[in-house]
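Next comes query05.txt, with compact mmCIF, C-alpha atoms and all ligand atoms.
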# COMPACT_ATOMS: atom_id res chain seq x y z
CA MET V 1 0.00 0.00 0.00
CA LYS V 2 1.24 3.43 -0.94
CA VAL V 3 2.37 5.42 2.07
CA TRP V 4 2.37 9.11 1.36
CA LYS V 5 5.66 10.90 1.54
CA LYS V 6 5.70 14.40 2.91
CA ALA V 7 5.89 16.93 0.08
CA THR V 8 9.31 18.34 -0.64
CA ASP V 9 7.76 21.70 -1.57
CA ASP V 10 9.61 24.65 -0.12
CA PHE V 11 6.59 26.26 1.53
CA SER V 12 8.43 29.49 2.37
CA LYS V 13 8.90 30.18 -1.34
CA LYS V 14 5.13 30.00 -1.75
CA ASN V 15 4.60 32.58 1.00
CA ILE V 16 3.22 30.00 3.36
CA ASP V 17 3.84 30.28 7.06
CA ILE V 18 3.94 26.64 8.05
CA THR V 19 3.21 27.55 11.66
CA ARG V 20 -0.14 29.11 10.72
CA ILE V 21 -1.76 26.42 8.60
CA PRO V 22 -5.52 26.23 9.22
CA LYS V 23 -6.42 23.33 11.43
CA HIS V 24 -9.73 22.83 9.61
CA LEU V 25 -10.13 23.50 5.89
CA ALA V 26 -13.55 23.16 4.27
CA ILE V 27 -14.01 23.04 0.51
CA ILE V 28 -17.02 23.55 -1.73
CA MET V 29 -15.82 21.58 -4.73
CA ASP V 30 -17.75 23.41 -7.44
CA GLY V 31 -17.54 23.72 -11.21
CA ASN V 32 -17.14 20.14 -12.46
CA GLY V 33 -19.96 20.55 -14.96
CA ARG V 34 -18.72 23.86 -16.36
CA TRP V 35 -15.17 22.51 -16.58
CA ALA V 36 -16.41 19.71 -18.83
CA GLN V 37 -18.81 21.88 -20.82
CA LYS V 38 -16.03 24.38 -21.62
CA LYS V 39 -14.15 21.49 -23.19
CA GLY V 40 -17.21 20.24 -25.05
CA LEU V 41 -17.35 17.13 -22.84
CA PRO V 42 -20.27 15.62 -20.92
CA ARG V 43 -20.71 16.75 -17.30
CA ALA V 44 -19.94 13.20 -16.12
CA ILE V 45 -16.35 13.60 -17.34
CA GLY V 46 -16.11 16.73 -15.20
CA HIS V 47 -17.24 14.80 -12.14
CA ARG V 48 -14.65 12.11 -12.82
CA ALA V 49 -11.93 14.76 -13.18
CA GLY V 50 -13.21 16.23 -9.91
CA VAL V 51 -12.48 12.95 -8.15
CA GLU V 52 -8.87 13.11 -9.40
CA ALA V 53 -8.53 16.63 -7.99
CA LEU V 54 -9.95 15.42 -4.70
CA ARG V 55 -7.35 12.64 -4.46
CA GLU V 56 -4.55 15.17 -4.90
CA ILE V 57 -5.98 17.70 -2.45
CA VAL V 58 -6.48 15.09 0.27
CA ARG V 59 -2.78 14.19 -0.03
CA GLY V 60 -1.76 17.84 -0.24
CA SER V 61 -3.77 18.71 2.86
CA ASN V 62 -2.15 15.86 4.74
CA ASP V 63 1.30 17.09 3.64
CA LEU V 64 0.55 20.56 4.89
CA GLY V 65 -0.44 19.23 8.29
CA ILE V 66 -4.11 20.21 8.04
CA LYS V 67 -5.91 18.23 10.72
CA TYR V 68 -9.51 18.35 9.45
CA LEU V 69 -10.54 18.50 5.80
CA THR V 70 -14.26 18.81 5.08
CA ILE V 71 -15.33 18.38 1.48
CA TYR V 72 -18.79 19.17 0.13
CA ALA V 73 -19.53 16.20 -2.09
CA PHE V 74 -23.34 16.21 -2.44
CA SER V 75 -25.88 18.62 -1.01
CA THR V 76 -29.45 17.96 0.12
CA GLU V 77 -30.44 20.13 -2.86
CA ASN V 78 -28.39 18.17 -5.42
CA TRP V 79 -31.23 15.61 -5.63
CA LYS V 80 -32.95 18.18 -7.88
CA ARG V 81 -30.52 17.34 -10.69
CA PRO V 82 -31.50 14.95 -13.49
CA GLN V 83 -31.67 11.38 -12.24
CA THR V 84 -28.84 10.25 -14.51
CA GLU V 85 -26.47 12.88 -13.06
CA VAL V 86 -27.46 11.97 -9.50
CA GLY V 87 -26.78 8.32 -10.34
CA ILE V 88 -23.33 9.17 -11.74
CA LEU V 89 -22.43 11.22 -8.67
CA MET V 90 -23.55 8.46 -6.30
CA SER V 91 -21.59 5.79 -8.14
CA LEU V 92 -18.46 7.98 -8.37
CA LEU V 93 -18.60 8.64 -4.63
CA ASN V 94 -19.08 4.95 -3.98
CA GLU V 95 -16.11 4.15 -6.23
CA TYR V 96 -13.93 6.83 -4.58
CA ILE V 97 -14.63 5.59 -1.06
CA ARG V 98 -14.12 1.92 -1.95
CA LYS V 99 -10.98 2.45 -4.06
CA GLU V 100 -9.26 4.92 -1.74
CA LEU V 101 -10.11 3.25 1.55
CA ALA V 102 -7.02 1.04 1.80
CA GLU V 103 -4.63 3.89 0.97
CA LEU V 104 -6.39 6.37 3.27
CA HIS V 105 -6.34 3.82 6.09
CA ALA V 106 -2.65 3.05 5.50
CA ASN V 107 -1.99 6.77 5.86
CA ASN V 108 -3.85 7.02 9.16
CA VAL V 109 -6.75 9.07 7.70
CA LYS V 110 -10.00 8.96 9.65
CA ILE V 111 -13.05 9.07 7.37
CA CYS V 112 -16.24 10.62 8.73
CA ILE V 113 -19.46 11.02 6.80
CA LEU V 114 -21.47 14.18 7.45
CA GLY V 115 -25.04 13.96 6.22
CA HIS V 116 -28.23 11.95 6.12
CA ARG V 117 -27.31 8.41 5.23
CA GLU V 118 -30.86 7.05 5.16
CA ASP V 119 -31.64 8.42 1.67
CA MET V 120 -28.43 7.20 0.03
CA PRO V 121 -28.36 4.15 -2.25
CA ALA V 122 -27.67 0.96 -0.27
CA ASP V 123 -24.22 0.30 -1.80
CA LEU V 124 -23.02 3.82 -0.97
CA ARG V 125 -24.44 3.59 2.55
CA GLU V 126 -22.54 0.35 3.00
CA ALA V 127 -19.29 1.86 1.62
CA CYS V 128 -19.66 4.81 4.03
CA ALA V 129 -20.30 2.51 7.00
CA THR V 130 -17.29 0.31 6.16
CA ALA V 131 -14.98 3.30 5.68
CA SER V 132 -16.02 5.02 8.92
CA LYS V 133 -15.73 1.80 10.91
CA LYS V 134 -12.37 0.74 9.49
CA THR V 135 -10.73 4.13 10.05
CA SER V 136 -12.45 5.09 13.32
CA ASP V 137 -9.31 4.66 15.45
CA ASN V 138 -6.98 6.49 13.05
CA THR V 139 -5.28 9.57 14.43
CA GLY V 140 -4.12 11.42 11.30
CA LEU V 141 -6.06 13.70 8.96
CA VAL V 142 -9.81 13.67 9.58
CA LEU V 143 -11.56 13.58 6.21
CA ASN V 144 -15.15 14.72 6.60
CA VAL V 145 -17.17 13.85 3.52
CA ALA V 146 -20.33 16.00 3.42
CA LEU V 147 -22.66 13.73 1.54
CA ASN V 148 -26.39 14.37 1.36
CA TYR V 149 -25.49 17.25 3.63
CA GLY V 150 -27.34 20.50 4.17
CA GLY V 151 -26.65 23.11 6.83
CA ARG V 152 -30.33 23.82 7.44
CA SER V 153 -31.35 20.19 7.88
CA GLU V 154 -28.33 19.65 10.15
CA ILE V 155 -29.51 22.53 12.36
CA LEU V 156 -33.06 21.18 12.36
CA LYS V 157 -31.78 17.74 13.34
CA ALA V 158 -29.95 19.29 16.31
CA VAL V 159 -33.04 21.29 17.34
CA LYS V 160 -35.25 18.18 17.24
CA GLU V 161 -32.79 16.09 19.26
CA ILE V 162 -32.42 18.82 21.89
CA ALA V 163 -36.19 19.41 22.04
CA LEU V 164 -36.67 15.71 22.72
CA GLU V 165 -34.10 15.80 25.53
CA VAL V 166 -35.92 18.76 27.10
CA LYS V 167 -39.28 17.03 26.70
CA ASN V 168 -37.94 13.89 28.37
CA GLY V 169 -36.46 15.89 31.24
CA ILE V 170 -32.84 14.99 30.33
CA LEU V 171 -31.94 18.63 29.73
CA ASP V 172 -33.22 21.93 31.04
CA ALA V 173 -33.86 24.68 28.47
CA ASP V 174 -31.42 26.94 30.35
CA GLN V 175 -28.67 24.38 29.80
CA ILE V 176 -28.78 24.73 26.00
CA THR V 177 -25.45 26.37 25.25
CA GLU V 178 -23.51 26.69 21.98
CA GLU V 179 -21.43 23.70 23.12
CA VAL V 180 -24.53 21.59 23.70
CA PHE V 181 -25.91 22.62 20.31
CA GLU V 182 -22.65 21.78 18.55
CA SER V 183 -22.60 18.35 20.09
CA HIS V 184 -25.73 17.56 18.01
CA LEU V 185 -24.22 18.62 14.69
CA PHE V 186 -22.65 16.17 12.22
CA THR V 187 -19.32 17.94 12.87
CA LYS V 188 -19.42 17.11 16.59
CA GLY V 189 -15.89 17.22 18.00
CA CYS V 190 -14.37 19.15 15.06
CA PRO V 191 -13.16 22.70 15.51
CA GLU V 192 -14.82 25.34 13.32
CA PRO V 193 -13.20 25.72 9.89
CA GLU V 194 -10.86 28.70 9.81
CA LEU V 195 -11.07 28.65 6.03
CA VAL V 196 -13.85 27.83 3.56
CA VAL V 197 -12.79 27.64 -0.08
CA ARG V 198 -15.17 27.62 -3.01
CA THR V 199 -13.98 26.97 -6.54
CA SER V 200 -15.48 28.13 -9.86
CA GLY V 201 -15.95 31.76 -8.83
CA GLU V 202 -19.39 31.35 -7.20
CA MET V 203 -19.80 33.52 -4.12
CA ARG V 204 -22.27 31.68 -1.93
CA LEU V 205 -22.35 28.99 0.74
CA SER V 206 -25.08 26.88 -0.88
CA ASN V 207 -26.20 25.50 2.50
CA PHE V 208 -22.69 24.44 3.60
CA LEU V 209 -21.69 24.54 7.29
CA LEU V 210 -24.13 27.35 8.13
CA TRP V 211 -23.47 27.21 11.85
CA GLN V 212 -19.80 26.24 11.72
CA ALA V 213 -18.70 28.89 9.17
CA ALA V 214 -19.96 31.84 11.24
CA TYR V 215 -16.43 33.28 11.48
CA SER V 216 -14.62 31.36 8.75
CA GLU V 217 -12.52 33.21 6.24
CA ILE V 218 -13.92 32.62 2.77
CA VAL V 219 -11.70 32.35 -0.28
CA ILE V 220 -13.30 32.16 -3.70
CA VAL V 221 -11.07 30.90 -6.47
CA ASP V 222 -11.91 31.21 -10.16
CA GLU V 223 -10.61 27.79 -11.19
CA CYS V 224 -13.18 25.04 -11.58
CA TRP V 225 -12.69 22.18 -9.13
CA PRO V 226 -10.95 19.74 -11.56
CA ASP V 227 -8.22 22.38 -12.10
CA PHE V 228 -7.66 22.97 -8.38
CA ASN V 229 -4.27 21.44 -7.51
CA ARG V 230 -1.57 21.61 -4.82
CA GLU V 231 -0.34 24.92 -6.18
CA SER V 232 -3.88 26.35 -5.92
CA LEU V 233 -4.13 25.02 -2.37
CA LEU V 234 -0.89 26.77 -1.38
CA LYS V 235 -2.06 30.05 -2.97
CA THR V 236 -5.37 29.79 -1.14
CA ILE V 237 -3.62 29.28 2.18
CA SER V 238 -1.30 32.16 1.48
CA ASN V 239 -4.37 34.34 0.79
CA TYR V 240 -5.95 33.18 4.08
CA GLN V 241 -2.77 33.99 6.01
CA LYS V 242 -3.01 37.63 4.91
CA ARG V 243 -6.47 38.05 6.45
CA ASP V 244 -7.03 40.01 9.63
CA ARG V 245 -9.36 37.87 11.75
CA ARG V 246 -11.11 40.08 14.29
CA PHE V 247 -14.09 38.00 15.49
CA GLY V 248 -15.99 41.18 16.23
CA GLY V 249 -13.10 42.69 18.15
CA ILE V 250 -10.52 45.15 16.89
CA SER V 251 -7.27 44.56 15.13
CA GLU V 252 -4.11 44.40 17.24
CA CYS V 253 -2.18 46.78 14.99
C1 LIG B 301 -19.68 20.25 -8.27
O1 LIG B 301 -19.76 20.59 -9.61
C2 LIG B 301 -20.18 18.85 -7.99
C3 LIG B 301 -21.43 18.82 -7.23
C4 LIG B 301 -22.18 19.84 -6.91
C5 LIG B 301 -21.92 17.53 -6.80
P1 LIG B 301 -21.13 21.00 -10.31
O2 LIG B 301 -21.77 19.77 -10.84
O3 LIG B 301 -21.97 21.82 -9.44
O4 LIG B 301 -20.59 21.86 -11.52
P2 LIG B 301 -21.22 23.20 -12.10
O5 LIG B 301 -21.35 24.15 -10.96
O6 LIG B 301 -22.54 22.82 -12.68
O7 LIG B 301 -20.24 23.65 -13.12
C1 LIG B 302 -22.70 23.13 -3.94
O1 LIG B 302 -22.61 23.28 -5.31
C2 LIG B 302 -22.76 21.68 -3.56
C3 LIG B 302 -21.54 20.91 -3.74
C4 LIG B 302 -20.40 21.35 -4.15
C5 LIG B 302 -21.64 19.52 -3.39
P1 LIG B 302 -23.90 23.48 -6.23
O2 LIG B 302 -23.39 23.54 -7.62
O3 LIG B 302 -24.91 22.45 -5.94
O4 LIG B 302 -24.44 24.89 -5.74
P2 LIG B 302 -25.35 25.98 -6.47
O5 LIG B 302 -26.56 25.26 -6.99
O6 LIG B 302 -24.54 26.57 -7.57
O7 LIG B 302 -25.66 26.98 -5.41
MG MG B 303 -22.17 23.83 -9.12
Could the structure of this file be written out as structure tokens, please?
Amino acid sequence: MKVWKKATDDFSKKNIDITRIPKHLAIIMDGNGRWAQKKGLPRAIGHRAGVEALREIVRGSNDLGIKYLTIYAFSTENWKRPQTEVGILMSLLNEYIRKELAELHANNVKICILGHREDMPADLREACATASKKTSDNTGLVLNVALNYGGRSEILKAVKEIALEVKNGILDADQITEEVFESHLFTKGCPEPELVVRTSGEMRLSNFLLWQAAYSEIVIVDECWPDFNRESLLKTISNYQKRDRRFGGISEC
């Protein structure tokens, strides 16, 4: 099994401060369809190329020492797409998880699935369950795959669970804190993403990490997802490192 070697990139030349790498990077992998269409190819080819980009970025993130990588793979709204495209996306995700599992496991990656599993096709549900179970004790990069994920439905899920606890007398309404709320989200236990990246130039969250991204820095890159590579990742992090994060306070300088 291939064990990833640390990249030999000289990060300082790329204006990266290795001591200030985001702990949690979240990516809206957008633009597969347009990437293909621009080349006169079917959208499915774009999705396949998107999987290749994902492979590279997972390795690159690991090299950089990112601890949590959350990727938006399929939204609760993506079911609106033509059935054939939904089918292609489901089978590509299934293929990715099954094919990459051994290598990810060998490299100590912990795979977590964020999203509603009940509506997924049975084979994908099974692949997700196997991957999460097999890698559950791994201590390296945490790869959160947001699959059939939507920020609003995640928040509703948390509200319903908490309401039930209050109703059953397990919790008092006064005890509902941000920490309690977060413990009911799919991202339970993960720090908030410092950086959310969206490819293909679109400037919206599209229902991604609505609670968690409250104070995330957002970087929009023009490249479509299949063109996003290690170099793009380094540039994005360099951009993030120039931001002044104030969290409602005032800047130190
Ligand atoms: C991202 O690419 C993949 C998913 C949303 C599943 P798109 O399929 O959204 O590509 P565009 O935005 O139509 O180009
Ligand atoms: C967001 O992209 C969802 C994923 C990347 C999985 P979309 O392409 O679905 O978003 P909209 O429709 O442009 O907002
Ligand atoms: Mg899109």
Closest pair table for chain V residues within 7 Å of ligand LIG 302 (chain B), all atoms listed in the file, as JSON lines:
{"residue": "V:Ile28", "atom": "CA", "partner": "B:LIG302", "partner_atom": "C4", "distance": 4.7}
{"residue": "V:Met29", "atom": "CA", "partner": "B:LIG302", "partner_atom": "C4", "distance": 4.6}
{"residue": "V:Asp30", "atom": "CA", "partner": "B:LIG302", "partner_atom": "C4", "distance": 4.7}
{"residue": "V:Gly31", "atom": "CA", "partner": "B:LIG302", "partner_atom": "O2", "distance": 6.9}
{"residue": "V:Tyr72", "atom": "CA", "partner": "B:LIG302", "partner_atom": "C5", "distance": 4.5}
{"residue": "V:Ala73", "atom": "CA", "partner": "B:LIG302", "partner_atom": "C5", "distance": 4.1}
{"residue": "V:Phe74", "atom": "CA", "partner": "B:LIG302", "partner_atom": "C5", "distance": 3.8}
{"residue": "V:Ser75", "atom": "CA", "partner": "B:LIG302", "partner_atom": "C5", "distance": 4.9}
{"residue": "V:Glu77", "atom": "CA", "partner": "B:LIG302", "partner_atom": "O3", "distance": 6.7}
{"residue": "V:Asn78", "atom": "CA", "partner": "B:LIG302", "partner_atom": "O3", "distance": 5.5}
{"residue": "V:Arg204", "atom": "CA", "partner": "B:LIG302", "partner_atom": "O7", "distance": 6.8}
{"residue": "V:Ser206", "atom": "CA", "partner": "B:LIG302", "partner_atom": "O7", "distance": 4.6}
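The space separating atom CA of V:Thr130 from atom CA of V:Asn108 comes to 15.3 Å.
Closest approach to V:Val86 among V:Thr19, V:Thr236, V:Asn148, V:Gln37 is made by V:Asn148 (distances from all atoms listed in the file).
Of the listed residues (V:Asp227, V:Gly46, V:Asn144, V:Gly189), V:Gly46 comes nearest to ligand MG 303 (chain B); the distances count only C-alpha atoms and all ligand atoms.
Taking atom CA of V:Leu147 and atom C3 of ligand LIG 301 (chain B) as the two end points, the separation is 10.2 Å.
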Taking (-24.4, 4.1, -6.9) in the file's coordinates as the center, which residues reach within 7 Å of it, counting only C-alpha atoms, put as an mmCIF file with C-alpha atoms, in the coordinates of the input?
data_model
loop_
_atom_site.group_PDB
_atom_site.id
_atom_site.type_symbol
_atom_site.label_atom_id
_atom_site.label_comp_id
_atom_site.auth_asym_id
_atom_site.auth_seq_id
_atom_site.Cartn_x
_atom_site.Cartn_y
_atom_site.Cartn_z
ATOM 1 C CA GLY V 87 -26.780 8.320 -10.340
ATOM 2 C CA MET V 90 -23.550 8.460 -6.300
ATOM 3 C CA SER V 91 -21.590 5.790 -8.140
ATOM 4 C CA ASN V 94 -19.080 4.950 -3.980
ATOM 5 C CA PRO V 121 -28.360 4.150 -2.250
ATOM 6 C CA ASP V 123 -24.220 0.300 -1.800
ATOM 7 C CA LEU V 124 -23.020 3.820 -0.970
#
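Shortest separation to V:Glu103 among V:Lys2, V:Gly40, V:Ile162, V:Lys23 occurs at residue V:Lys2, atoms counted being all atoms listed in the file.
The gap separating atom CA of V:Ile45 from atom CA of V:Phe228 is 15.6 Å, in Å to one decimal.
Using all atoms listed in the file, the nearest neighbour of V:Glu161 within the list V:Leu185, V:Ile21, V:Val58, V:Ala214 is V:Leu185.
Counting all atoms listed in the file and comparing V:Val166, V:Leu25, V:Ala122, V:Ile57, the residue that lies closest to V:Leu209 is V:Leu25.
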